[in-house]
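Below: one structure, written as structure tokens.
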Protein chains: 2
Amino acid sequence: MVRPRKSDQTREELLAVGTELLTSHGYHGTGIKQILDAVGVPKGSFYNFFPSKEAFVAEVIHHYGEQVEEEIERATAGLEQEPGLVQLWCSFRNKVQREVATGQSCACLLGAMSAEIARSSPLCREAIETVEQRWVERIRMGIELAQQQGDLRDDIAAENLAPTLYNCWQGSLLQYQVSGNPDDLLRHLWTFLSTLMTVQGKLTFENSNACKRELHYDK
Amino acid sequence: MVRPRKSDQTREELLAVGTELLTSHGYHGTGIKQILDAVGVPKGSFYNFFPSKEAFVAEVIHHYGEQVEEEIERATAGLEQEPGLVQLWCSFRNKVQREVATGQSCACLLGAMSAEIARSSPLCREAIETVEQRWVERIRMGIELAQQQGDLRDDIAAENLAPTLYNCWQGSLLQYQVSGNPDDLLRHLWTFLSTLMTVQGKLTFENSNACKRELHYDK
């Protein structure tokens, strides 16, 4: 087994702590010193890892993007044979439920950084765009599969619906910051999905836990 | 005519400058000194107006909420006899078009404050909640009228659709911060509305300026 170099480990730790602090306190609310103190790195050595705070944050955004994709993989593991609509819904629902169960915040770094610094930092804006394009493409593929399987209406193109669904999700994340209630997240996403579903009458969100039961998927 | 007192004027100016700076630079990126300098008020006197930065920001949020409601009134002035769907769409579209025409940013203070300080400041959180409830209620009324007039589907309750539409809007505002393109704002809202419309085939968003033409409203 090849042991990771100490400097690689430190870099990973800086990115992980950066993700957490930037999501909670924002760009201007997070000092480099805070991050270094949390990891136990002397101030001078920060610039051995990253040329500037801005470059660091851009890298945190990329790192966070990969991390969320891994979480989505985990959230949908074992569901590969399920209908596309079940996979799409579970990619959000299981992720939220896992975060709630492990006491993590459901807040999204990208929403926070979009609101605060996307306009003023081209480097961070580019990082956000790259990550979001990947996420939206994943949603588009899920919607398209569900359309092909006849579970979502196909009179509106998946490539139009995907960014709209993503925006609905990001807006719900903002609302969750205010209400503190993770149910809000899933409820509004559910409402949006239900405007697309072809099997209206059978669907309920309330008092339901199993994903297939939620979707009343009885094929 | 009763002339406003000097202190009332100063207070209004502080709120106006606060709205602008907080929307652009966020809570932690905006210093009280910056606001005072812009208005020309000596530092010590800030606390004659507001007990703390947090209380000031909460008041800015309320002030901003009223301002947006006035803008919505302006955006829909003269449309009182139009169908509910036209009024609802124009309340967003005309507001965005006016902001673009006058070189204003379309960014929303509430989105920025929700992402950055809603969780850490109960005072600001309460202000955001109060304002958003009023806005969402306005959207709910618009959707309900359009449902009664047969232009929007009524199999999903207006009270569920309204916060989902609002979240879609807030998410689109975040995306606009990244892309800088105000068309993105209207395009995604349009996609969401089109999932609700009862006259699918007739609708296009592209190359259309007049609101009634956009909606192909030919009743």
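By order of appearance in the structure tokens: chains A, B, ..., then residues from 1 within every chain, and ligands from 1 in the order shown.
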
Near chain A, meaning an atom within 8 Å, which residues of chain B appear when counting only C-alpha atoms? Write them as JSON, numbers by chain.
{"B": [24, 25, 26, 28, 29, 111, 112, 114, 115, 116, 117, 118, 119, 125, 128, 129, 156, 160, 161, 163, 164, 165, 166, 167, 168, 169, 170, 171, 172, 174, 175, 177, 178, 180, 188, 189, 191, 192, 195, 196]}

All residues 12 Å or closer to Val41 in chain B, only C-alpha atoms, same chain fewer than 3 positions away omitted, as a list of chain:residue names
B:Lys6, B:Ser7, B:Gln9, B:Thr10, B:Arg11, B:Glu13, B:Leu14, B:Ile32, B:Lys33, B:Gln34, B:Ile35, B:Leu36, B:Asp37, B:Ala38, B:Gly44, B:Ser45, B:Phe46, B:Tyr47, B:Asn48, B:Phe49

Go ahead and save the picked residues with N, CA and C atoms, as a short mmCIF file (atom, residue, chain, number, x, y, z; two decimals), in the first residue's frame.
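Writing done, so here's part_13.cif:
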```cif
data_model
loop_
_atom_site.label_atom_id
_atom_site.label_comp_id
_atom_site.auth_asym_id
_atom_site.auth_seq_id
_atom_site.Cartn_x
_atom_site.Cartn_y
_atom_site.Cartn_z
N LYS B 6 -34.80 65.52 9.44
CA LYS B 6 -33.46 65.15 8.96
C LYS B 6 -33.11 63.70 9.37
N SER B 7 -33.43 63.35 10.63
CA SER B 7 -33.04 62.02 11.12
C SER B 7 -33.81 60.92 10.37
N GLN B 9 -34.76 61.12 7.25
CA GLN B 9 -34.09 61.06 5.95
C GLN B 9 -32.81 60.22 6.03
N THR B 10 -32.00 60.50 7.05
CA THR B 10 -30.74 59.78 7.23
C THR B 10 -31.00 58.28 7.39
N ARG B 11 -31.99 57.99 8.20
CA ARG B 11 -32.37 56.59 8.44
C ARG B 11 -32.73 55.89 7.12
N GLU B 13 -31.79 56.78 4.15
CA GLU B 13 -30.58 56.66 3.33
C GLU B 13 -29.72 55.48 3.79
N LEU B 14 -29.62 55.30 5.09
CA LEU B 14 -28.85 54.17 5.62
C LEU B 14 -29.45 52.85 5.16
N ILE B 32 -20.17 48.33 8.62
CA ILE B 32 -20.98 49.49 9.01
C ILE B 32 -20.30 50.78 8.54
N LYS B 33 -18.97 50.80 8.63
CA LYS B 33 -18.23 52.00 8.25
C LYS B 33 -18.47 52.37 6.78
N GLN B 34 -18.47 51.35 5.94
CA GLN B 34 -18.72 51.55 4.50
C GLN B 34 -20.07 52.24 4.28
N ILE B 35 -21.08 51.74 5.00
CA ILE B 35 -22.44 52.29 4.85
C ILE B 35 -22.48 53.73 5.34
N LEU B 36 -21.87 53.97 6.49
CA LEU B 36 -21.86 55.32 7.07
C LEU B 36 -21.12 56.29 6.16
N ASP B 37 -19.99 55.85 5.62
CA ASP B 37 -19.21 56.70 4.71
C ASP B 37 -20.03 57.08 3.49
N ALA B 38 -20.75 56.09 2.93
CA ALA B 38 -21.54 56.34 1.72
C ALA B 38 -22.64 57.37 1.98
N GLY B 44 -20.08 57.29 15.28
CA GLY B 44 -20.75 57.23 16.59
C GLY B 44 -22.28 57.29 16.49
N SER B 45 -22.77 57.99 15.47
CA SER B 45 -24.22 58.22 15.45
C SER B 45 -25.03 57.05 14.90
N PHE B 46 -24.33 56.01 14.38
CA PHE B 46 -25.05 54.84 13.87
C PHE B 46 -25.99 54.28 14.94
N TYR B 47 -25.46 54.24 16.17
CA TYR B 47 -26.22 53.60 17.26
C TYR B 47 -27.37 54.47 17.77
N ASN B 48 -27.47 55.71 17.25
CA ASN B 48 -28.69 56.49 17.50
C ASN B 48 -29.84 55.95 16.65
N PHE B 49 -29.47 55.30 15.56
CA PHE B 49 -30.50 54.80 14.63
C PHE B 49 -30.83 53.32 14.86
#
```

Contacts of range 72-88 of chain B within 6 Å, only C-alpha atoms, excl. fewer than 3 positions in-chain, as a VMD selection string:
chain B and resid 69 91 94 to 95 142 145 to 146

Report the distance between CA of Leu152 in chain A and CA of Thr198 in chain A in Å, rounded to one decimal place.
5.5 Å

Have a look at B:Cys106, B:Leu186, B:Ala16, B:Val100 and name the one nearest to Glu66 in chain B; count only C-alpha atoms.
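Distance minimum relative to Glu66 in chain B lands on B:Ala16.
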
Applying 7 Å and only C-alpha atoms, which residues near range 51-65 of chain A remain after dropping the ones on its own chain fewer than 6 positions away? List them as a ChimeraX atom specification.
/A:15,18-19,123-124,127-128,131

Got time to write the residues from that selection, C-alpha atoms, as an mmCIF file, in the first residue's frame?
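So part17.cif came out as:
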```
data_model
loop_
_atom_site.group_PDB
_atom_site.id
_atom_site.type_symbol
_atom_site.label_atom_id
_atom_site.label_comp_id
_atom_site.auth_asym_id
_atom_site.auth_seq_id
_atom_site.Cartn_x
_atom_site.Cartn_y
_atom_site.Cartn_z
ATOM 1 C CA LEU A 15 -10.173 21.413 1.578
ATOM 2 C CA GLY A 18 -12.722 24.818 4.053
ATOM 3 C CA THR A 19 -15.903 23.199 2.706
ATOM 4 C CA LEU A 123 -12.226 31.962 -10.728
ATOM 5 C CA CYS A 124 -14.947 30.855 -8.285
ATOM 6 C CA ALA A 127 -15.661 26.516 -10.648
ATOM 7 C CA ILE A 128 -19.369 26.819 -9.754
ATOM 8 C CA VAL A 131 -19.698 21.676 -11.082
#
```

Just the alpha helix (DSSP H) stuff from range 2-177 of chain A, please, per backbone DSSP, written as a ChimeraX atom specification.
/A:6-25,32-39,46-49,53-75,84-101,109-117,122-148,158-177
